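Content type PDB, C-alpha atoms, from the file work-v4.pdb:
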```
MODEL        1
ATOM      1  CA  MET X  59    -102.349-108.850 -92.332
ATOM      2  CA  LYS X  60     -98.985-109.560 -90.760
ATOM      3  CA  ASN X  61     -99.813-113.280 -90.704
ATOM      4  CA  LEU X  62    -100.723-113.146 -94.391
ATOM      5  CA  LYS X  63     -97.439-111.411 -95.247
ATOM      6  CA  ARG X  64     -95.496-113.982 -93.217
ATOM      7  CA  LEU X  65     -97.331-116.810 -95.031
ATOM      8  CA  MET X  66     -96.618-115.290 -98.436
ATOM      9  CA  LEU X  67     -92.967-114.765 -97.523
ATOM     10  CA  SER X  68     -92.655-118.365 -96.333
ATOM     11  CA  PHE X  69     -94.256-119.611 -99.565
ATOM     12  CA  ALA X  70     -91.862-117.509-101.660
ATOM     13  CA  ILE X  71     -88.838-118.800 -99.745
ATOM     14  CA  ALA X  72     -90.037-122.406-100.091
ATOM     15  CA  SER X  73     -90.664-121.996-103.831
ATOM     16  CA  ALA X  74     -87.220-120.493-104.327
ATOM     17  CA  ALA X  75     -85.639-123.363-102.412
ATOM     18  CA  MET X  76     -87.489-125.917-104.507
ATOM     19  CA  ALA X  77     -86.444-124.198-107.720
ATOM     20  CA  ALA X  78     -82.831-124.114-106.593
ATOM     21  CA  SER X  79     -82.821-127.809-105.735
ATOM     22  CA  ALA X  80     -84.640-128.919-108.910
ATOM     23  CA  PRO X  81     -82.563-129.960-111.927
ATOM     24  CA  SER X  82     -82.148-127.269-114.573
ATOM     25  CA  TRP X  83     -82.276-129.812-117.400
ATOM     26  CA  ALA X  84     -84.922-131.959-118.970
ATOM     27  CA  GLU X  85     -84.240-135.677-118.991
ATOM     28  CA  THR X  86     -83.522-137.061-122.488
ATOM     29  CA  THR X  87     -84.444-140.603-123.472
ATOM     30  CA  ILE X  88     -82.780-142.713-126.144
ATOM     31  CA  ARG X  89     -85.439-145.102-127.460
ATOM     32  CA  VAL X  90     -83.699-148.197-128.832
ATOM     33  CA  GLY X  91     -85.596-150.220-131.425
ATOM     34  CA  SER X  92     -84.782-153.854-130.641
ATOM     35  CA  TRP X  93     -85.851-157.340-131.694
ATOM     36  CA  LEU X  94     -85.394-161.001-130.729
ATOM     37  CA  PRO X  95     -86.916-162.157-127.417
ATOM     38  CA  PRO X  96     -86.579-159.999-124.270
ATOM     39  CA  ALA X  97     -84.477-162.739-122.638
ATOM     40  CA  HIS X  98     -81.903-162.635-125.453
ATOM     41  CA  THR X  99     -78.543-161.308-124.254
ATOM     42  CA  MET X 100     -78.872-158.209-126.432
ATOM     43  CA  ASN X 101     -82.035-157.128-124.611
ATOM     44  CA  ALA X 102     -81.219-158.617-121.217
ATOM     45  CA  ASP X 103     -77.542-157.701-120.916
ATOM     46  CA  VAL X 104     -75.947-155.575-123.643
ATOM     47  CA  LEU X 105     -78.463-152.757-124.084
ATOM     48  CA  PRO X 106     -79.290-152.399-120.346
ATOM     49  CA  THR X 107     -75.571-152.203-119.525
ATOM     50  CA  TRP X 108     -75.028-149.594-122.230
ATOM     51  CA  GLY X 109     -77.967-147.653-120.803
ATOM     52  CA  LYS X 110     -76.444-147.766-117.324
ATOM     53  CA  TRP X 111     -73.127-146.518-118.698
ATOM     54  CA  ILE X 112     -74.853-143.678-120.553
ATOM     55  CA  GLU X 113     -76.869-142.625-117.510
ATOM     56  CA  GLU X 114     -73.762-142.600-115.311
ATOM     57  CA  ALA X 115     -71.634-140.814-117.899
ATOM     58  CA  THR X 116     -74.226-138.060-118.404
ATOM     59  CA  GLU X 117     -74.990-137.774-114.666
ATOM     60  CA  GLY X 118     -78.568-138.855-115.276
ATOM     61  CA  ARG X 119     -79.337-136.406-118.056
ATOM     62  CA  VAL X 120     -79.675-139.124-120.721
ATOM     63  CA  LYS X 121     -81.346-142.467-120.233
ATOM     64  CA  LEU X 122     -81.978-145.434-122.498
ATOM     65  CA  LYS X 123     -85.257-147.270-123.049
ATOM     66  CA  ILE X 124     -85.542-150.525-124.999
ATOM     67  CA  GLU X 125     -88.592-150.739-127.240
ATOM     68  CA  TYR X 126     -89.515-154.123-128.697
ATOM     69  CA  PRO X 127     -90.649-155.679-130.736
ATOM     70  CA  GLY X 128     -88.934-152.923-132.673
ATOM     71  CA  GLY X 129     -90.340-154.132-135.959
ATOM     72  CA  ASP X 130     -88.516-155.761-138.847
ATOM     73  CA  PRO X 131     -84.738-155.638-138.244
ATOM     74  CA  LYS X 132     -84.352-154.982-141.972
ATOM     75  CA  ALA X 133     -86.179-151.671-141.493
ATOM     76  CA  LEU X 134     -84.315-150.408-138.439
ATOM     77  CA  LEU X 135     -81.553-148.631-140.329
ATOM     78  CA  ASP X 136     -84.097-146.463-142.152
ATOM     79  CA  GLN X 137     -86.092-145.957-138.954
ATOM     80  CA  VAL X 138     -83.059-144.612-137.099
ATOM     81  CA  GLN X 139     -82.154-142.365-140.025
ATOM     82  CA  ASP X 140     -85.747-141.056-140.098
ATOM     83  CA  GLY X 141     -85.886-140.522-136.327
ATOM     84  CA  ALA X 142     -88.531-143.150-135.554
ATOM     85  CA  TYR X 143     -85.995-144.403-132.985
ATOM     86  CA  GLU X 144     -83.008-142.617-131.502
ATOM     87  CA  ALA X 145     -81.017-145.856-131.685
ATOM     88  CA  ALA X 146     -81.194-149.470-132.829
ATOM     89  CA  TRP X 147     -79.074-152.479-133.713
ATOM     90  CA  THR X 148     -79.238-154.709-136.738
ATOM     91  CA  PHE X 149     -77.402-157.171-138.973
ATOM     92  CA  HIS X 150     -75.298-155.852-141.854
ATOM     93  CA  GLY X 151     -76.250-158.818-144.016
ATOM     94  CA  TYR X 152     -79.845-157.591-144.163
ATOM     95  CA  TYR X 153     -78.648-154.779-146.456
ATOM     96  CA  PRO X 154     -76.928-156.496-149.396
ATOM     97  CA  GLY X 155     -74.945-154.142-151.588
ATOM     98  CA  ARG X 156     -74.661-151.365-149.005
ATOM     99  CA  PHE X 157     -72.255-152.898-146.496
ATOM    100  CA  LYS X 158     -69.504-154.643-148.437
ATOM    101  CA  LEU X 159     -66.509-154.136-146.183
ATOM    102  CA  THR X 160     -68.182-155.453-143.018
ATOM    103  CA  LYS X 161     -68.230-158.924-144.610
ATOM    104  CA  MET X 162     -64.537-159.000-143.718
ATOM    105  CA  VAL X 163     -65.242-160.009-140.127
ATOM    106  CA  GLU X 164     -67.590-162.797-141.248
ATOM    107  CA  LEU X 165     -65.044-164.747-143.303
ATOM    108  CA  PRO X 166     -64.218-168.347-142.344
ATOM    109  CA  GLY X 167     -61.179-169.057-140.207
ATOM    110  CA  ILE X 168     -61.245-166.034-137.883
ATOM    111  CA  GLU X 169     -59.943-167.012-134.450
ATOM    112  CA  GLY X 170     -60.750-165.313-131.166
ATOM    113  CA  GLY X 171     -64.481-165.866-130.869
ATOM    114  CA  ALA X 172     -67.123-163.165-130.711
ATOM    115  CA  LYS X 173     -65.289-160.938-128.229
ATOM    116  CA  GLY X 174     -61.958-160.951-130.068
ATOM    117  CA  ALA X 175     -63.653-160.429-133.419
ATOM    118  CA  SER X 176     -65.847-157.604-132.087
ATOM    119  CA  ILE X 177     -62.883-155.675-130.712
ATOM    120  CA  ALA X 178     -61.046-156.210-133.994
ATOM    121  CA  HIS X 179     -64.157-155.160-135.923
ATOM    122  CA  TRP X 180     -64.241-151.768-134.208
ATOM    123  CA  ARG X 181     -60.511-151.093-134.408
ATOM    124  CA  ILE X 182     -60.285-152.011-138.078
ATOM    125  CA  HIS X 183     -63.302-149.864-138.857
ATOM    126  CA  GLU X 184     -61.718-146.881-137.144
ATOM    127  CA  LYS X 185     -58.342-147.382-138.836
ATOM    128  CA  TYR X 186     -59.407-148.501-142.306
ATOM    129  CA  LEU X 187     -63.067-149.110-143.126
ATOM    130  CA  SER X 188     -64.541-145.783-141.997
ATOM    131  CA  LYS X 189     -62.899-144.162-145.029
ATOM    132  CA  ALA X 190     -65.475-145.864-147.255
ATOM    133  CA  LYS X 191     -68.323-144.110-145.372
ATOM    134  CA  GLU X 192     -70.630-147.142-145.524
ATOM    135  CA  HIS X 193     -72.352-146.010-142.320
ATOM    136  CA  ASP X 194     -73.028-142.451-143.438
ATOM    137  CA  GLY X 195     -76.442-141.234-142.268
ATOM    138  CA  VAL X 196     -76.158-142.618-138.730
ATOM    139  CA  VAL X 197     -73.726-142.292-135.828
ATOM    140  CA  LEU X 198     -72.007-145.634-135.366
ATOM    141  CA  ALA X 199     -71.973-146.607-131.687
ATOM    142  CA  GLY X 200     -70.690-150.174-131.885
ATOM    143  CA  LEU X 201     -69.740-153.098-134.122
ATOM    144  CA  PHE X 202     -69.841-156.701-133.028
ATOM    145  CA  THR X 203     -70.282-160.294-134.102
ATOM    146  CA  HIS X 204     -72.401-163.101-132.782
ATOM    147  CA  GLY X 205     -70.849-166.372-131.661
ATOM    148  CA  PRO X 206     -69.389-168.767-134.235
ATOM    149  CA  GLY X 207     -71.996-169.762-136.821
ATOM    150  CA  GLN X 208     -72.799-173.468-136.905
ATOM    151  CA  ILE X 209     -75.149-175.888-138.716
ATOM    152  CA  HIS X 210     -78.432-176.827-136.990
ATOM    153  CA  LEU X 211     -80.674-179.469-138.547
ATOM    154  CA  ALA X 212     -83.907-181.322-137.949
ATOM    155  CA  LYS X 213     -82.242-184.564-139.087
ATOM    156  CA  PRO X 214     -78.580-185.627-138.918
ATOM    157  CA  ILE X 215     -76.119-185.833-141.790
ATOM    158  CA  GLU X 216     -72.856-187.722-142.143
ATOM    159  CA  LYS X 217     -70.883-185.457-144.482
ATOM    160  CA  LEU X 218     -71.144-181.892-145.766
ATOM    161  CA  SER X 219     -72.059-183.066-149.245
ATOM    162  CA  ASP X 220     -75.323-184.302-147.669
ATOM    163  CA  MET X 221     -76.292-180.638-147.297
ATOM    164  CA  LYS X 222     -76.781-180.266-151.038
ATOM    165  CA  GLY X 223     -80.389-179.422-151.887
ATOM    166  CA  LYS X 224     -81.481-178.926-148.282
ATOM    167  CA  LYS X 225     -83.623-175.903-147.409
ATOM    168  CA  ILE X 226     -81.591-173.892-144.900
ATOM    169  CA  ARG X 227     -82.385-170.549-143.291
ATOM    170  CA  ILE X 228     -79.584-168.145-144.162
ATOM    171  CA  GLY X 229     -79.339-164.631-142.750
ATOM    172  CA  GLY X 230     -77.204-163.048-145.460
ATOM    173  CA  GLY X 231     -73.609-161.925-145.762
ATOM    174  CA  VAL X 232     -70.974-164.662-145.880
ATOM    175  CA  GLN X 233     -73.628-167.203-144.884
ATOM    176  CA  ALA X 234     -75.132-166.798-148.335
ATOM    177  CA  ASP X 235     -71.760-167.513-149.946
ATOM    178  CA  ILE X 236     -71.353-170.658-147.840
ATOM    179  CA  GLY X 237     -74.853-171.788-148.741
ATOM    180  CA  LYS X 238     -74.105-171.350-152.428
ATOM    181  CA  ALA X 239     -70.868-173.324-152.085
ATOM    182  CA  MET X 240     -72.785-176.157-150.396
ATOM    183  CA  GLY X 241     -75.510-176.199-153.028
ATOM    184  CA  LEU X 242     -78.265-175.322-150.559
ATOM    185  CA  GLU X 243     -81.686-173.883-151.180
ATOM    186  CA  GLY X 244     -81.539-170.739-149.073
ATOM    187  CA  VAL X 245     -84.575-169.675-147.038
ATOM    188  CA  ALA X 246     -84.665-165.986-146.124
ATOM    189  CA  ALA X 247     -86.155-165.128-142.724
ATOM    190  CA  PRO X 248     -85.222-162.872-139.802
ATOM    191  CA  GLY X 249     -83.962-164.551-136.656
ATOM    192  CA  SER X 250     -87.282-164.047-134.896
ATOM    193  CA  LYS X 251     -89.021-166.281-137.467
ATOM    194  CA  VAL X 252     -86.577-169.204-137.521
ATOM    195  CA  TYR X 253     -88.425-171.356-134.973
ATOM    196  CA  GLU X 254     -91.644-170.942-136.930
ATOM    197  CA  ILE X 255     -90.236-171.910-140.338
ATOM    198  CA  LEU X 256     -88.478-174.940-138.886
ATOM    199  CA  ALA X 257     -91.543-176.061-136.937
ATOM    200  CA  GLN X 258     -93.651-175.788-140.097
ATOM    201  CA  GLY X 259     -91.144-177.685-142.211
ATOM    202  CA  VAL X 260     -90.464-174.698-144.458
ATOM    203  CA  ALA X 261     -86.760-175.207-143.742
ATOM    204  CA  ASP X 262     -84.677-178.278-142.886
ATOM    205  CA  GLY X 263     -82.280-176.336-140.717
ATOM    206  CA  ALA X 264     -80.487-173.064-140.103
ATOM    207  CA  PHE X 265     -77.070-171.460-139.977
ATOM    208  CA  MET X 266     -76.885-169.741-136.567
ATOM    209  CA  PRO X 267     -74.682-169.503-133.472
ATOM    210  CA  MET X 268     -75.165-171.996-130.636
ATOM    211  CA  GLY X 269     -76.798-169.413-128.392
ATOM    212  CA  GLU X 270     -79.967-169.595-130.465
ATOM    213  CA  LYS X 271     -80.435-173.221-129.408
ATOM    214  CA  LYS X 272     -81.711-171.696-126.176
ATOM    215  CA  THR X 273     -82.859-168.150-126.948
ATOM    216  CA  LEU X 274     -84.793-169.067-130.111
ATOM    217  CA  ARG X 275     -85.579-172.617-128.908
ATOM    218  CA  LEU X 276     -83.810-174.260-131.840
ATOM    219  CA  LYS X 277     -83.188-177.214-129.529
ATOM    220  CA  GLU X 278     -86.854-178.113-130.063
ATOM    221  CA  VAL X 279     -86.928-177.972-133.869
ATOM    222  CA  ALA X 280     -83.276-178.532-134.868
ATOM    223  CA  PRO X 281     -81.906-181.047-132.358
ATOM    224  CA  PHE X 282     -78.854-181.989-134.437
ATOM    225  CA  SER X 283     -75.889-179.623-134.829
ATOM    226  CA  ILE X 284     -72.459-179.715-136.425
ATOM    227  CA  LYS X 285     -69.882-177.622-134.588
ATOM    228  CA  PHE X 286     -66.825-176.175-136.330
ATOM    229  CA  PRO X 287     -63.856-175.127-134.136
ATOM    230  CA  ASN X 288     -64.134-171.405-134.984
ATOM    231  CA  GLY X 289     -67.535-171.675-136.579
ATOM    232  CA  MET X 290     -68.128-171.604-140.319
ATOM    233  CA  TYR X 291     -68.520-167.826-140.190
ATOM    234  CA  LEU X 292     -69.305-164.893-137.878
ATOM    235  CA  GLY X 293     -72.189-162.446-138.286
ATOM    236  CA  SER X 294     -71.555-158.696-138.445
ATOM    237  CA  PHE X 295     -73.853-156.318-136.521
ATOM    238  CA  MET X 296     -73.994-152.580-135.850
ATOM    239  CA  ILE X 297     -75.393-150.407-133.063
ATOM    240  CA  MET X 298     -76.353-146.973-134.355
ATOM    241  CA  LEU X 299     -77.673-143.599-133.192
ATOM    242  CA  ASN X 300     -79.720-140.982-135.005
ATOM    243  CA  GLN X 301     -77.463-138.205-136.300
ATOM    244  CA  GLU X 302     -79.924-135.345-135.648
ATOM    245  CA  PHE X 303     -80.568-136.542-132.098
ATOM    246  CA  MET X 304     -76.853-136.582-131.353
ATOM    247  CA  ASP X 305     -76.329-133.157-132.936
ATOM    248  CA  LYS X 306     -78.984-131.636-130.654
ATOM    249  CA  LEU X 307     -77.411-132.953-127.467
ATOM    250  CA  ASP X 308     -75.168-130.785-125.353
ATOM    251  CA  ALA X 309     -71.579-131.376-126.438
ATOM    252  CA  LYS X 310     -70.556-132.811-123.061
ATOM    253  CA  ASP X 311     -73.374-135.371-123.160
ATOM    254  CA  ARG X 312     -72.613-136.279-126.753
ATOM    255  CA  GLU X 313     -68.985-136.833-125.821
ATOM    256  CA  ALA X 314     -69.980-138.823-122.728
ATOM    257  CA  ILE X 315     -72.189-141.172-124.758
ATOM    258  CA  MET X 316     -69.483-141.868-127.305
ATOM    259  CA  LYS X 317     -66.968-142.469-124.529
ATOM    260  CA  VAL X 318     -69.041-145.455-123.320
ATOM    261  CA  SER X 319     -69.701-146.657-126.860
ATOM    262  CA  GLY X 320     -67.194-147.606-129.572
ATOM    263  CA  GLU X 321     -64.735-150.324-128.598
ATOM    264  CA  LYS X 322     -66.091-150.534-125.039
ATOM    265  CA  LEU X 323     -69.611-151.298-126.255
ATOM    266  CA  SER X 324     -68.377-153.555-129.064
ATOM    267  CA  ALA X 325     -66.336-155.657-126.630
ATOM    268  CA  LEU X 326     -69.312-155.950-124.266
ATOM    269  CA  ALA X 327     -71.616-157.152-127.044
ATOM    270  CA  GLY X 328     -69.081-159.654-128.343
ATOM    271  CA  GLU X 329     -68.400-161.008-124.868
ATOM    272  CA  LYS X 330     -72.101-161.461-124.085
ATOM    273  CA  TRP X 331     -72.908-163.111-127.427
ATOM    274  CA  GLY X 332     -69.921-165.421-126.965
ATOM    275  CA  SER X 333     -71.079-166.419-123.474
ATOM    276  CA  GLU X 334     -74.598-166.975-124.756
ATOM    277  CA  ALA X 335     -73.246-169.396-127.376
ATOM    278  CA  GLU X 336     -71.590-171.463-124.627
ATOM    279  CA  GLU X 337     -74.755-171.431-122.512
ATOM    280  CA  GLY X 338     -76.888-172.364-125.506
ATOM    281  CA  GLU X 339     -74.764-175.402-126.249
ATOM    282  CA  LYS X 340     -74.929-176.631-122.645
ATOM    283  CA  ASP X 341     -78.692-176.126-122.597
ATOM    284  CA  ALA X 342     -79.127-178.022-125.866
ATOM    285  CA  VAL X 343     -77.067-180.988-124.640
ATOM    286  CA  ALA X 344     -79.095-181.064-121.411
ATOM    287  CA  ALA X 345     -82.249-181.142-123.543
ATOM    288  CA  GLY X 346     -80.978-184.223-125.386
ATOM    289  CA  ASN X 347     -79.671-182.552-128.547
ATOM    290  CA  THR X 348     -76.784-184.077-130.475
ATOM    291  CA  ILE X 349     -73.849-181.689-130.941
ATOM    292  CA  LYS X 350     -71.378-183.321-133.308
ATOM    293  CA  GLU X 351     -67.878-181.931-133.734
ATOM    294  CA  ALA X 352     -67.047-181.473-137.401
ATOM    295  CA  THR X 353     -65.000-184.474-138.498
ATOM    296  CA  PRO X 354     -61.598-184.083-140.190
ATOM    297  CA  GLU X 355     -63.333-185.018-143.439
ATOM    298  CA  MET X 356     -65.920-182.263-142.943
ATOM    299  CA  LEU X 357     -63.206-179.737-142.175
ATOM    300  CA  THR X 358     -61.392-180.712-145.357
ATOM    301  CA  GLU X 359     -64.629-180.427-147.355
ATOM    302  CA  PHE X 360     -65.321-177.001-145.868
ATOM    303  CA  ALA X 361     -61.795-175.737-146.487
ATOM    304  CA  GLU X 362     -62.083-176.764-150.138
ATOM    305  CA  MET X 363     -65.503-175.092-150.477
ATOM    306  CA  THR X 364     -64.284-171.800-149.023
ATOM    307  CA  LYS X 365     -60.673-171.665-150.219
ATOM    308  CA  ASP X 366     -61.326-168.643-152.463
ATOM    309  CA  PHE X 367     -63.442-166.623-150.017
ATOM    310  CA  ASP X 368     -60.686-164.211-148.965
ATOM    311  CA  LYS X 369     -59.648-163.619-152.556
ATOM    312  CA  ASN X 370     -63.248-163.120-153.703
ATOM    313  CA  PHE X 371     -63.921-160.695-150.857
ATOM    314  CA  LEU X 372     -60.861-158.590-151.656
ATOM    315  CA  GLU X 373     -61.849-158.516-155.322
ATOM    316  CA  SER X 374     -65.372-157.347-154.424
ATOM    317  CA  VAL X 375     -64.082-154.309-152.469
ATOM    318  CA  LYS X 376     -61.141-153.300-154.661
ATOM    319  CA  ASP X 377     -62.875-150.028-155.599
ATOM    320  CA  SER X 378     -63.637-149.066-151.959
ATOM    321  CA  GLY X 379     -60.556-146.877-151.533
ATOM    322  CA  VAL X 380     -59.543-149.000-148.541
ATOM    323  CA  ASP X 381     -56.479-151.211-148.190
ATOM    324  CA  ALA X 382     -58.679-154.220-147.526
ATOM    325  CA  ALA X 383     -55.848-156.753-147.679
ATOM    326  CA  ALA X 384     -53.949-154.974-144.893
ATOM    327  CA  ALA X 385     -57.164-154.527-142.920
ATOM    328  CA  LEU X 386     -58.085-158.217-143.189
ATOM    329  CA  LYS X 387     -54.625-159.345-142.088
ATOM    330  CA  GLU X 388     -54.641-156.984-139.097
ATOM    331  CA  MET X 389     -58.207-157.882-138.202
ATOM    332  CA  ARG X 390     -57.347-161.577-137.979
ATOM    333  CA  GLU X 391     -54.300-160.800-135.809
ATOM    334  CA  ILE X 392     -56.219-158.540-133.405
ATOM    335  CA  SER X 393     -59.102-160.983-133.075
ATOM    336  CA  LYS X 394     -56.824-163.896-132.232
ATOM    337  CA  ALA X 395     -54.838-161.836-129.711
ATOM    338  CA  GLU X 396     -57.862-160.288-127.983
ATOM    339  CA  GLY X 397     -59.778-163.556-127.936
ATOM    340  CA  SER X 398     -56.972-165.302-126.104
ATOM    341  CA  LYS X 399     -56.934-162.806-123.224
TER
ENDMDL
END
```

Can the structure in the file be given as structure tokens, please?
Amino acid sequence: MKNLKRLMLSFAIASAAMAASAPSWAETTIRVGSWLPPAHTMNADVLPTWGKWIEEATEGRVKLKIEYPGGDPKALLDQVQDGAYEAAWTFHGYYPGRFKLTKMVELPGIEGGAKGASIAHWRIHEKYLSKAKEHDGVVLAGLFTHGPGQIHLAKPIEKLSDMKGKKIRIGGGVQADIGKAMGLEGVAAPGSKVYEILAQGVADGAFMPMGEKKTLRLKEVAPFSIKFPNGMYLGSFMIMLNQEFMDKLDAKDREAIMKVSGEKLSALAGEKWGSEAEEGEKDAVAAGNTIKEATPEMLTEFAEMTKDFDKNFLESVKDSGVDAAAALKEMREISKAEGSK
């Protein structure tokens, strides 16, 4: 009997010790709906780094899990709002009419590359653009741009006027305006389908950053590229979180997540996409692709085609309640300054 009592006492002490040492919280997982290949910098670098930051900031209480293929990137905004995913990232241009002000960062002539533009994107949103509430319904975690957008073709051209009538994959946003100015026949397709439509001859080329020469294997189906000094445009993206999910988190974890998001996350994404563009170009050249610098004549043609873009943009957002002219001026200044660091 004494042995039984000792055994029961030992078991009780051990159970109490285990309970005391066990965490008093349940681990929370942020499922991020993603797309593009797993080796793409967004899935290989940006999201894993953000997840590491979140886990460290919340002392392990919140972790991040990438889920892909996360479906159609055009559906991810609705899926985050509905709670199908706790987070996702997507391209603003996939939602024409909803995101008007974000086109600001896509306009031609922005200096500073993806990193400078991404930092500027976040700061200008916080200071000016957030007043328009275009991102209502989700918690905005980051804003960024891809690397400078260039022309990639199956067959070479000599001048920009040769682009007229060609079937070119265009993602939306300012790209669509450029395509219209060039007289192109736009082909709509998400980034994940570009290789397929080029391989099948559905399109003659694509507007995309240089990084996709490698990540989407454009070097195989569009071996000729024209490179503009700052690109023809930049592409605007968002990283978002489900509002209800964030509201249910403990306040300290919610604050911790946002502390490692915002400008910090935006700068990371811009830096990685910028580096990927450089790597993609090197890889394409090694594969035998022709990367042609835009000639002075091409630059003059492009400047003439796009001379009214700033004015047209400002006219399109005049009823937004935002001082878009001041925001655009400041955005260009910040991007150039941050990109030169």

Do a neighbour search on Lys317 of chain X at 10 Å with all atoms listed in the file, toss out local chain neighbours closer than 3 positions, and write the hits as a compact mmCIF listing (two decimals) with C-alpha atoms, in the frame of the given file.
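Result saved to selection32.txt:
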```txt
# COMPACT_ATOMS: atom_id res chain seq x y z
CA TRP X 111 -73.13 -146.52 -118.70
CA ILE X 112 -74.85 -143.68 -120.55
CA ALA X 115 -71.63 -140.81 -117.90
CA ALA X 199 -71.97 -146.61 -131.69
CA ASP X 311 -73.37 -135.37 -123.16
CA ARG X 312 -72.61 -136.28 -126.75
CA GLU X 313 -68.98 -136.83 -125.82
CA ALA X 314 -69.98 -138.82 -122.73
CA GLY X 320 -67.19 -147.61 -129.57
CA GLU X 321 -64.74 -150.32 -128.60
CA LYS X 322 -66.09 -150.53 -125.04
CA LEU X 323 -69.61 -151.30 -126.26
```

Mind telling me what the PyMOL selection byres ((chain X and resi 154-157) around 12) catches here, as a PyMOL selection string? chain X and resi 132+135+149-153+158-163+187-188+190-194+229-232+234+294-296+374-375+378

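Distance check against Lys340 of chain X using all atoms listed in the file: of X:Lys225, X:Lys271, X:Lys387, X:Lys369, the minimum falls on X:Lys271.
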
Within 7 Å of (-70.5, -168.0, -127.6) (coordinates as in the file), grab all the protein and nucleic acid residues, counting only C-alpha atoms, and write them out as a PyMOL selection string. chain X and resi 172+205-206+268-269+331-336

Counting all atoms listed in the file, the option among X:Ala325, X:Met363, X:Ile226, X:Ala247 closest to Val104 of chain X: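 Of all the options, X:Ala325 lies closest to Val104 of chain X.
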
Box for segment 146-160 of chain X - axis-aligned, 8 Å on each of the six sides, all listed atoms - centre and size in Å to one decimal, as lines of an AutoDock Vina configuration file.
```
center_x = -73.9
center_y = -154.1
center_z = -142.2
size_x = 30.7
size_y = 25.3
size_z = 34.8
```

Would you write out, as number ranges by chain, every residue that the PyMOL selection byres ((chain X and resi 214) around 12) captures in this file? X: 209-213, 215-218, 220-221, 224, 262-263, 280-284, 347-350
